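Structure data follow from input-v4.txt (compact mmCIF, C-alpha atoms):
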# COMPACT_ATOMS: atom_id res chain seq x y z
CA MET A 403 15.94 -41.43 -0.54
CA LYS A 404 17.63 -43.48 2.22
CA GLN A 405 17.16 -40.61 4.63
CA THR A 406 13.44 -40.47 3.84
CA VAL A 407 13.10 -44.21 4.35
CA PHE A 408 14.87 -44.03 7.72
CA LEU A 409 12.73 -41.10 8.89
CA ARG A 410 9.62 -43.09 7.98
CA LYS A 411 10.76 -46.28 9.71
CA ALA A 412 12.15 -44.48 12.75
CA GLN A 413 8.61 -43.53 13.76
CA HIS A 414 7.63 -47.15 14.42
CA PRO A 415 9.94 -47.83 17.42
CA LEU A 416 8.99 -44.44 18.85
CA MET A 417 5.29 -45.30 18.69
CA MET A 418 5.92 -48.74 20.22
CA ALA A 419 7.93 -47.27 23.12
CA THR A 420 5.56 -44.39 23.89
CA GLY A 421 2.62 -46.80 23.81
CA MET A 422 4.31 -49.19 26.26
CA LEU A 423 5.66 -46.58 28.69
CA PRO A 424 2.39 -46.06 30.69
CA VAL A 425 2.47 -49.72 31.79
CA LEU A 426 6.01 -49.38 33.08
CA LEU A 427 5.13 -46.08 34.73
CA LEU A 428 2.23 -47.75 36.55
CA LEU A 429 4.62 -50.44 37.79
CA LEU A 430 7.17 -47.94 39.09
CA ALA A 431 4.53 -45.63 40.59
CA ARG A 432 3.17 -48.59 42.57
CA PHE A 433 6.42 -50.09 43.89
CA SER A 434 9.15 -47.46 43.40
CA PRO A 435 7.80 -43.92 42.91
CA MET A 436 11.21 -42.29 43.22
CA ALA A 437 12.59 -44.30 40.29
CA SER A 438 9.84 -43.31 37.85
CA SER A 439 11.77 -40.17 36.87
CA LYS A 440 14.53 -42.41 35.43
CA LEU A 441 12.14 -44.08 32.99
CA PRO A 442 12.58 -41.52 30.15
CA ILE A 443 16.34 -42.24 30.17
CA LEU A 444 15.70 -45.93 29.47
CA LEU A 445 13.21 -44.88 26.81
CA LEU A 446 15.87 -42.81 25.03
CA VAL A 447 18.37 -45.69 25.27
CA TYR A 448 15.87 -48.06 23.68
CA ILE A 449 15.00 -45.64 20.86
CA GLY A 450 18.69 -45.11 20.06
CA LEU A 451 19.31 -48.86 19.93
CA ALA A 452 16.22 -49.48 17.78
CA TRP A 453 17.25 -46.82 15.29
CA LEU A 454 20.75 -48.31 15.16
CA CYS A 455 19.28 -51.74 14.36
CA ILE A 456 17.25 -50.18 11.52
CA LEU A 457 20.34 -48.56 10.00
CA LEU A 458 22.53 -51.66 10.21
CA PRO A 459 22.53 -54.35 7.49
CA GLY A 460 20.37 -57.40 8.08
CA ARG A 461 23.15 -59.73 9.29
CA TRP A 462 24.18 -57.30 12.03
CA ARG A 463 20.75 -56.67 13.51
CA VAL A 464 20.50 -59.73 15.76
CA PRO A 465 23.97 -59.20 17.35
CA CYS A 466 23.09 -55.52 17.79
CA ALA A 467 19.83 -56.49 19.53
CA ILE A 468 21.69 -58.87 21.89
CA ALA A 469 24.27 -56.22 22.76
CA GLY A 470 21.49 -53.62 23.13
CA SER A 471 19.57 -55.84 25.55
CA ILE A 472 22.67 -56.24 27.70
CA LEU A 473 23.15 -52.47 27.64
CA LEU A 474 19.52 -51.95 28.69
CA PHE A 475 19.94 -54.24 31.69
CA ILE A 476 23.15 -52.47 32.70
CA ALA A 477 21.44 -49.07 32.46
CA ALA A 478 18.49 -50.37 34.48
CA PHE A 479 20.85 -51.63 37.24
CA LEU A 480 22.47 -48.21 37.40
CA LEU A 481 19.22 -46.19 37.38
CA LEU A 482 16.69 -48.36 39.21
CA PRO A 483 16.84 -49.97 42.70
CA ILE A 484 16.82 -53.49 41.27
CA ARG A 485 18.96 -54.90 44.11
CA GLN A 486 16.24 -54.05 46.63
CA GLN A 487 13.27 -54.73 44.31
CA TRP A 488 14.19 -57.47 41.88
CA PHE A 489 10.81 -57.36 40.08
CA LEU A 490 11.93 -54.08 38.51
CA LEU A 491 13.83 -56.26 36.05
CA ALA A 492 10.54 -56.22 34.13
CA VAL A 493 11.42 -52.73 32.89
CA PRO A 494 14.61 -53.64 30.93
CA ALA A 495 13.01 -56.94 29.95
CA ALA A 496 10.08 -55.06 28.38
CA TYR A 497 12.41 -52.75 26.46
CA SER A 498 14.47 -55.74 25.28
CA GLY A 499 11.30 -57.38 24.01
CA LEU A 500 10.37 -54.22 22.13
CA LEU A 501 13.87 -54.15 20.65
CA VAL A 502 13.45 -57.69 19.34
CA CYS A 503 10.01 -56.81 17.92
CA ALA A 504 11.52 -53.81 16.11
CA LEU A 505 14.21 -55.85 14.32
CA PRO A 506 12.12 -56.71 11.21
CA ILE A 507 11.30 -53.02 10.65
CA GLY A 508 14.67 -52.50 8.96
CA GLY A 509 13.74 -54.90 6.16
CA TRP A 510 10.20 -53.57 5.64
CA PRO A 511 9.26 -51.55 2.57
CA MET A 512 8.69 -47.87 3.21
CA GLU A 513 4.90 -48.19 2.75
CA LYS A 514 4.43 -50.88 5.43
CA GLU A 515 2.97 -49.75 8.75
CA LEU A 516 2.71 -51.32 12.19
CA PRO A 517 -0.35 -53.52 12.81
CA PRO A 518 -3.36 -51.77 14.42
CA PHE A 519 -2.66 -53.75 17.61
CA TRP A 520 0.06 -51.30 18.61
CA ILE A 521 -2.19 -48.27 18.29
CA ALA A 522 -5.11 -49.91 20.12
CA SER A 523 -2.93 -51.22 22.96
CA GLY A 524 -1.20 -47.85 23.35
CA ILE A 525 -4.54 -46.06 23.69
CA VAL A 526 -5.69 -48.57 26.33
CA PHE A 527 -2.43 -48.27 28.30
CA HIS A 528 -2.59 -44.47 28.31
CA LEU A 529 -6.22 -44.52 29.48
CA LEU A 530 -5.33 -46.86 32.34
CA ALA A 531 -2.40 -44.66 33.32
CA GLN A 532 -4.60 -41.56 33.39
CA ILE A 533 -7.11 -43.35 35.63
CA PHE A 534 -4.80 -45.07 38.12
CA THR A 535 -1.82 -42.69 38.27
CA LYS A 536 -1.96 -39.29 39.94
CA SER A 537 1.75 -38.48 39.69
CA ASN A 538 4.02 -37.77 36.74
CA ARG A 539 1.22 -36.02 34.86
CA LEU A 540 3.62 -33.91 32.80
CA MET A 541 5.59 -36.96 31.68
CA LEU A 542 2.41 -38.80 30.75
CA MET A 543 1.14 -35.84 28.78
CA ILE A 544 4.36 -35.44 26.78
CA VAL A 545 4.57 -39.18 26.05
CA PHE A 546 0.92 -39.29 25.03
CA LEU A 547 1.38 -36.39 22.61
CA LEU A 548 4.32 -38.20 20.99
CA PHE A 549 2.30 -41.40 20.75
CA ALA A 550 -0.73 -39.57 19.32
CA ALA A 551 1.42 -37.82 16.70
CA MET A 552 3.04 -41.09 15.57
CA ALA A 553 -0.31 -42.91 15.52
CA LEU A 554 -2.05 -40.18 13.50
CA LEU A 555 0.79 -40.05 10.97
CA SER A 556 0.65 -43.84 10.60
CA LEU A 557 -3.12 -43.81 10.09
CA ASN A 558 -2.78 -40.98 7.58
CA ARG A 559 -0.23 -42.92 5.52
CA SER A 560 -2.37 -46.06 5.69
CA SER A 561 -5.42 -44.20 4.40
CA LEU A 562 -3.42 -42.74 1.51
CA ASN A 563 -2.08 -46.16 0.56
CA MET A 564 -5.57 -47.66 0.71
CA ALA A 565 -6.94 -44.83 -1.44
CA ALA A 566 -4.23 -45.43 -4.03
CA GLN A 567 -4.90 -49.22 -3.82
CA ALA A 568 -1.18 -49.90 -4.32
CA ARG A 569 -1.58 -49.24 -8.06
CA VAL A 570 -0.25 -45.70 -8.20
CA SER A 571 2.14 -43.82 -5.98
CA VAL A 572 0.74 -40.89 -4.04
CA PRO A 573 2.50 -37.62 -5.01
CA VAL A 574 5.06 -36.38 -2.52
CA GLN A 575 3.39 -32.96 -2.34
CA MET A 576 0.10 -34.56 -1.32
CA ARG A 577 1.83 -36.64 1.35
CA HIS A 578 3.54 -33.57 2.77
CA ARG A 579 0.28 -31.64 2.75
CA ASN A 580 -1.57 -34.40 4.58
CA THR A 581 1.25 -34.67 7.12
CA LEU A 582 1.10 -30.94 7.83
CA LEU A 583 -2.69 -31.06 8.13
CA THR A 584 -2.50 -33.99 10.56
CA LEU A 585 0.11 -32.37 12.78
CA GLY A 586 -1.69 -29.02 12.54
CA LEU A 587 -4.99 -30.51 13.71
CA LEU A 588 -3.18 -32.24 16.58
CA ALA A 589 -1.52 -28.96 17.60
CA LEU A 590 -4.85 -27.13 17.35
CA SER A 591 -6.53 -29.73 19.57
CA VAL A 592 -3.78 -29.40 22.17
CA LEU A 593 -4.03 -25.60 22.03
CA VAL A 594 -7.80 -25.64 22.56
CA ALA A 595 -7.45 -28.09 25.47
CA SER A 596 -4.75 -25.88 27.03
CA MET A 597 -6.65 -22.60 26.76
CA PRO A 598 -7.68 -22.46 30.46
CA ALA A 599 -4.09 -23.04 31.59
CA ILE A 600 -2.78 -20.48 29.09
CA ALA A 601 -5.34 -17.91 30.23
CA GLY A 602 -4.37 -18.44 33.86
CA PHE A 603 -0.68 -18.11 33.02
CA LEU A 604 -1.25 -14.86 31.14
CA GLN A 605 -3.34 -13.51 34.00
CA ARG A 606 -0.55 -14.28 36.47
CA CYS A 607 2.00 -12.63 34.18
CA TRP A 608 -0.16 -9.51 33.92
CA ASN A 609 -0.57 -9.32 37.70
CA GLU A 610 3.18 -9.70 38.19
CA ILE A 611 3.86 -6.90 35.72
CA LEU A 612 1.44 -4.58 37.49
CA THR A 613 2.95 -5.47 40.85
CA GLY A 614 6.46 -4.75 39.57
CA ILE A 615 5.43 -1.37 38.14
CA LYS A 616 3.75 -0.39 41.39
CA SER A 617 6.83 -1.43 43.38
CA ILE A 618 9.09 0.71 41.20
CA LEU A 619 6.76 3.70 41.51
CA HIS A 620 6.50 3.26 45.27
CA PHE A 621 10.29 3.18 45.47
CA ILE A 622 10.56 6.41 43.45
CA ALA A 623 7.84 8.03 45.55
CA SER A 624 9.62 7.00 48.77
CA LEU A 625 12.83 8.58 47.52
CA LEU A 626 11.02 11.82 46.73
CA SER A 627 9.26 11.77 50.09
CA GLY A 628 12.58 11.21 51.84
CA GLN A 629 14.06 14.25 50.13
CA GLU A 630 11.13 16.41 51.18
CA GLY A 631 11.36 15.13 54.71
CA GLY A 632 15.10 15.86 54.87
CA ALA A 633 14.43 19.56 54.28
CA GLY A 634 12.35 19.87 57.47
CA SER A 635 13.52 20.79 60.97
CA GLY A 636 15.18 18.42 63.41
CA GLU A 637 12.20 18.52 65.72
CA SER A 638 9.87 17.44 62.90
CA GLY A 639 12.23 14.60 62.01
CA ALA A 640 12.37 13.41 65.58
CA PHE A 641 8.61 13.64 65.90
CA ILE A 642 8.12 11.62 62.71
CA ALA A 643 10.61 8.99 63.86
CA MET A 644 8.77 8.62 67.15
CA ALA A 645 5.39 8.44 65.44
CA GLY A 646 6.69 5.87 62.95
CA GLU A 647 7.16 3.40 65.74
CA GLU A 648 3.45 3.48 66.50
CA GLU A 649 1.82 3.70 63.09
CA SER A 650 2.79 3.78 59.45
CA LEU A 651 2.79 7.02 57.50
CA ALA A 652 -0.16 7.65 55.17
CA PRO A 653 0.67 7.63 51.45
CA SER A 654 1.55 11.01 50.06
CA LEU A 655 -0.47 12.89 47.46
CA PHE A 656 2.21 12.16 44.85
CA GLN A 657 1.93 8.41 45.46
CA ARG A 658 -1.83 8.48 45.08
CA ILE A 659 -1.55 10.48 41.83
CA VAL A 660 1.04 8.05 40.45
CA GLU A 661 -1.13 5.03 41.33
CA ILE A 662 -4.12 6.60 39.60
CA MET A 663 -2.04 7.38 36.50
CA VAL A 664 -0.66 3.83 36.37
CA SER A 665 -4.16 2.39 36.65
CA ILE A 666 -5.40 4.66 33.84
CA VAL A 667 -2.44 3.78 31.58
CA ALA A 668 -2.89 0.06 32.27
CA ALA A 669 -6.62 0.29 31.51
CA ILE A 670 -5.95 2.17 28.25
CA ALA A 671 -3.29 -0.37 27.21
CA LEU A 672 -5.62 -3.26 28.00
CA LEU A 673 -8.46 -1.61 26.09
CA ALA A 674 -6.19 -0.99 23.07
CA LEU A 675 -5.05 -4.63 23.15
CA LEU A 676 -8.65 -5.85 23.30
CA VAL A 677 -9.64 -3.58 20.38
CA TRP A 678 -6.69 -4.80 18.29
CA LEU A 679 -7.48 -8.44 19.03
CA GLY A 680 -11.16 -7.81 18.32
CA ARG A 681 -10.38 -6.33 14.90
CA LYS A 682 -8.13 -9.25 14.00
CA LEU A 683 -10.74 -11.73 15.18
CA PHE A 684 -13.51 -9.91 13.29
CA ARG A 685 -11.53 -10.00 10.04
CA ARG A 686 -10.78 -13.69 10.40
CA LEU A 687 -14.38 -14.40 11.31
CA ARG A 688 -15.63 -12.45 8.29
CA GLN A 689 -13.31 -14.42 6.00
CA LEU A 690 -14.48 -17.67 7.57
CA LEU A 691 -18.14 -16.71 7.17
CA GLY A 692 -17.52 -15.75 3.52
CA TRP A 693 -15.87 -19.08 2.85
CA LEU A 694 -18.70 -20.95 4.59
CA TRP A 695 -21.29 -18.99 2.59
CA GLN A 696 -19.52 -19.88 -0.65
CA ARG A 697 -19.41 -23.54 0.31
CA LEU A 698 -23.10 -23.49 1.24
CA ASN A 699 -23.97 -21.97 -2.13
CA GLN A 700 -21.99 -24.67 -3.91
CA LEU A 701 -23.68 -27.32 -1.81
CA SER A 702 -27.15 -25.93 -2.47
CA SER A 703 -26.52 -25.69 -6.21
CA ALA A 704 -25.24 -29.25 -6.24
CA ALA A 705 -28.25 -30.41 -4.23
CA VAL A 706 -30.85 -28.96 -6.62
CA LYS A 707 -29.04 -29.93 -9.81
CA ASP A 708 -30.50 -32.95 -11.57
CA TYR A 709 -28.52 -35.55 -13.39
CA GLU A 710 -28.31 -35.02 -17.14
CA ASP A 711 -27.43 -37.85 -19.44
CA GLU A 712 -25.04 -36.37 -21.97
CA ILE A 713 -24.38 -38.23 -25.21
CA THR A 714 -20.90 -37.62 -26.51
CA ASP A 715 -19.77 -38.58 -30.00
CA THR A 716 -16.21 -39.95 -29.83
CA ARG A 717 -15.87 -41.08 -33.44
CA ASP A 718 -13.11 -39.69 -35.61
CA ASP A 719 -15.35 -38.64 -38.52
CA GLY A 720 -17.48 -36.49 -36.23
CA GLN A 721 -20.71 -37.37 -38.09
CA TYR A 722 -23.94 -37.50 -36.13
CA GLN A 723 -25.73 -40.81 -35.53
CA HIS A 724 -28.87 -41.61 -33.63
CA THR A 725 -28.14 -43.59 -30.50
CA SER A 726 -30.49 -45.87 -28.66
CA VAL A 727 -31.85 -42.89 -26.74
CA PHE A 728 -33.07 -41.26 -29.96
CA LYS A 729 -34.46 -44.55 -31.19
CA GLN A 730 -36.48 -44.89 -28.03
CA LEU A 731 -37.66 -41.29 -28.41
CA ARG A 732 -38.77 -41.95 -32.00
CA MET A 733 -40.71 -45.03 -30.90
CA ARG A 734 -42.46 -43.02 -28.19
CA LEU A 735 -43.34 -40.25 -30.64
CA SER A 736 -44.80 -42.73 -33.10
CA ARG A 737 -47.10 -44.19 -30.44
CA MET A 738 -48.55 -40.88 -29.19
CA ASP A 739 -52.25 -40.16 -29.76
CA GLU A 740 -52.74 -36.85 -31.60
CA SER A 741 -56.46 -36.78 -30.89
CA ARG A 742 -55.76 -35.85 -27.29
CA MET A 743 -53.45 -32.98 -28.21
CA SER A 744 -54.29 -29.34 -28.60
CA PRO A 745 -53.61 -27.67 -32.00
CA ALA A 746 -50.40 -26.08 -30.70
CA GLU A 747 -49.18 -29.39 -29.30
CA ARG A 748 -49.95 -31.12 -32.62
CA ILE A 749 -47.87 -28.54 -34.51
CA ARG A 750 -44.89 -28.95 -32.22
CA TYR A 751 -45.29 -32.73 -32.19
CA ARG A 752 -45.30 -32.93 -36.00
CA TYR A 753 -42.23 -30.71 -36.29
CA LEU A 754 -40.34 -32.84 -33.74
CA ARG A 755 -41.12 -35.99 -35.72
CA LEU A 756 -39.97 -34.26 -38.88
CA ARG A 757 -36.64 -33.33 -37.30
CA MET A 758 -36.13 -36.90 -36.15
CA LYS A 759 -36.79 -38.05 -39.71
CA HIS A 760 -34.33 -35.69 -41.40
CA GLN A 761 -30.92 -36.63 -40.08
CA GLU A 762 -29.21 -34.28 -42.51
CA TRP A 763 -30.61 -31.21 -40.78
CA SER A 764 -28.03 -29.64 -38.49
CA GLU A 765 -28.84 -29.08 -34.85
CA ALA A 766 -28.34 -25.34 -35.26
CA SER A 767 -30.89 -25.03 -38.10
CA THR A 768 -34.19 -23.25 -37.40
CA ALA A 769 -37.74 -23.88 -38.54
CA ARG A 770 -37.43 -20.91 -40.92
CA GLU A 771 -34.61 -22.77 -42.72
CA ASN A 772 -36.25 -26.21 -42.75
CA LEU A 773 -39.95 -25.51 -43.40
CA PRO A 774 -41.98 -23.62 -45.98
CA GLU A 775 -42.70 -20.01 -45.15
CA GLU A 776 -46.30 -20.44 -44.00
CA ALA A 777 -45.54 -23.58 -41.98
CA ALA A 778 -42.50 -21.93 -40.41
CA GLN A 779 -44.60 -18.89 -39.46
CA LEU A 780 -47.20 -21.11 -37.78
CA TYR A 781 -44.55 -23.00 -35.86
CA GLU A 782 -42.82 -19.83 -34.68
CA GLN A 783 -46.13 -18.38 -33.48
CA VAL A 784 -46.79 -21.51 -31.45
CA ARG A 785 -43.22 -22.06 -30.26
CA TYR A 786 -42.12 -18.54 -29.43
CA GLY A 787 -45.26 -16.41 -29.45
CA ASN A 788 -47.36 -18.68 -27.20
CA MET A 789 -50.35 -18.01 -29.50
CA VAL A 790 -53.43 -20.22 -29.48
CA SER A 791 -53.90 -22.06 -32.77
CA THR A 792 -57.00 -23.59 -34.25
CA ASP A 793 -57.59 -27.05 -35.65
CA GLU A 794 -57.61 -25.65 -39.17
CA GLU A 795 -54.16 -24.08 -38.68
CA ALA A 796 -52.82 -27.36 -37.27
CA GLN A 797 -54.20 -29.29 -40.25
CA GLN A 798 -52.78 -26.68 -42.64
CA PHE A 799 -49.33 -27.12 -40.99
CA ILE A 800 -49.57 -30.89 -41.40
CA ASN A 801 -50.51 -30.55 -45.06
CA ASP A 802 -47.62 -28.16 -45.72
CA ILE A 803 -44.99 -30.49 -44.30
CA GLN A 804 -46.28 -33.74 -45.78
CA ARG A 805 -44.20 -33.35 -48.91
CA LEU A 806 -40.95 -32.84 -46.87

What does this structure look like when you write it as structure tokens?
Amino acid sequence: MKQTVFLRKAQHPLMMATGMLPVLLLLLARFSPMASSKLPILLLVYIGLAWLCILLPGRWRVPCAIAGSILLFIAAFLLLPIRQQWFLLAVPAAYSGLLVCALPIGGWPMEKELPPFWIASGIVFHLLAQIFTKSNRLMLMIVFLLFAAMALLSLNRSSLNMAAQARVSVPVQMRHRNTLLTLGLLALSVLVASMPAIAGFLQRCWNEILTGIKSILHFIASLLSGQEGGAGSGESGAFIAMAGEEESLAPSLFQRIVEIMVSIVAAIALLALLVWLGRKLFRRLRQLLGWLWQRLNQLSSAAVKDYEDEITDTRDDGQYQHTSVFKQLRMRLSRMDESRMSPAERIRYRYLRLRMKHQEWSEASTARENLPEEAAQLYEQVRYGNMVSTDEEAQQFINDIQRL
């Protein structure tokens, strides 16, 4: 448990330092460009001191911060040209200030996060560094990735705590899953942004491999050509040596055949690699399209589904009672004008009123069980047979059910 708490709290000083570093890098790039490479060392010293202050008990944190500030100034004197440029003292002073700001973190609960000010200021500082600094791009990129990872993890934890509303604890499995999703999306974003550089690197590697293979084959071909030339006469050798001073020898037939074979093999290997990658990509794309189609079907079914008010009986005896919905339905049925109904509608209307009247009838009972035979036959013809009834049949149905 203590290890988990420390790992959670250790992210806060790292986010503070990586958010502040672009400002210090701008200062060094403006006044002392050669010393900017020493800045990561001071960053590591600060992070180690901040983590030590978190681990120590509360009464030892302030003395540790004082000793850490002195150590930061000593390291800055050793690494930076402060004797020639005294304003570079701002670098250890800034880290000492961050160390003092990180002291209360050791006494925070595990759920507490840094204020949003640190994330907003870090984003602004990194944007300014990208605009006004043309050097140390690799360092800025690495520091920004660390800052982005810490900021995203902090925002993820804050959203989980807000969703739980501090009333229930979020399961550990859900926290781990969200952490992996956050870091995975960050890694995917970096991979997509780096695709042009990766493609160029792979292209250079492929060209170097082809060049190396051709050099080896040329060396083998030159050895074979030398052996063939050694078998000739002395006059031919002398003639070739004299001609070699004026012009280079044309490639032999064996060299040309080998170059053609290498080109064919390389083309076949490249084609096989493209086919293999295409099959893998097609399978993944088909799975993705199937998943999207399933989600679209669920969304469409949810979009066309209407809300249904379900009435659930939660009493222990399980007996049926009419709720206010049924009372309102009975009142509406009693106020309907039968003179405007067709004979079939009158039959169904009368049977519905009769069912509302007899509470003892079960919901699974049919008209054949509840009504006399002739009345049940009329109702079934109207309800299930879609037959047209006459006024006499409707009146006969009403007369048959009056005594029920």

In terms of only C-alpha atoms, the residue from A:Thr768, A:Gln487, A:Ser471, A:Thr420 at minimal distance from Gly499 (chain A) is A:Ser471

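Straight-line separation from CA of Leu480 (chain A) to CA of Val502 (chain A): 22.3 Å.
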
So which residues touch region 583-600 of chain A within 12 Å, counting all atoms listed in the file, skipping near sequence neighbours fewer than 3 positions away, as a VMD selection string? chain A and resid 543 to 544 546 to 559 576 to 580 603 to 607

Among A:Ala467, A:Ala746, A:Leu481, A:Val526, Gly421 (chain A) is approached most closely, using all atoms listed in the file, by A:Val526
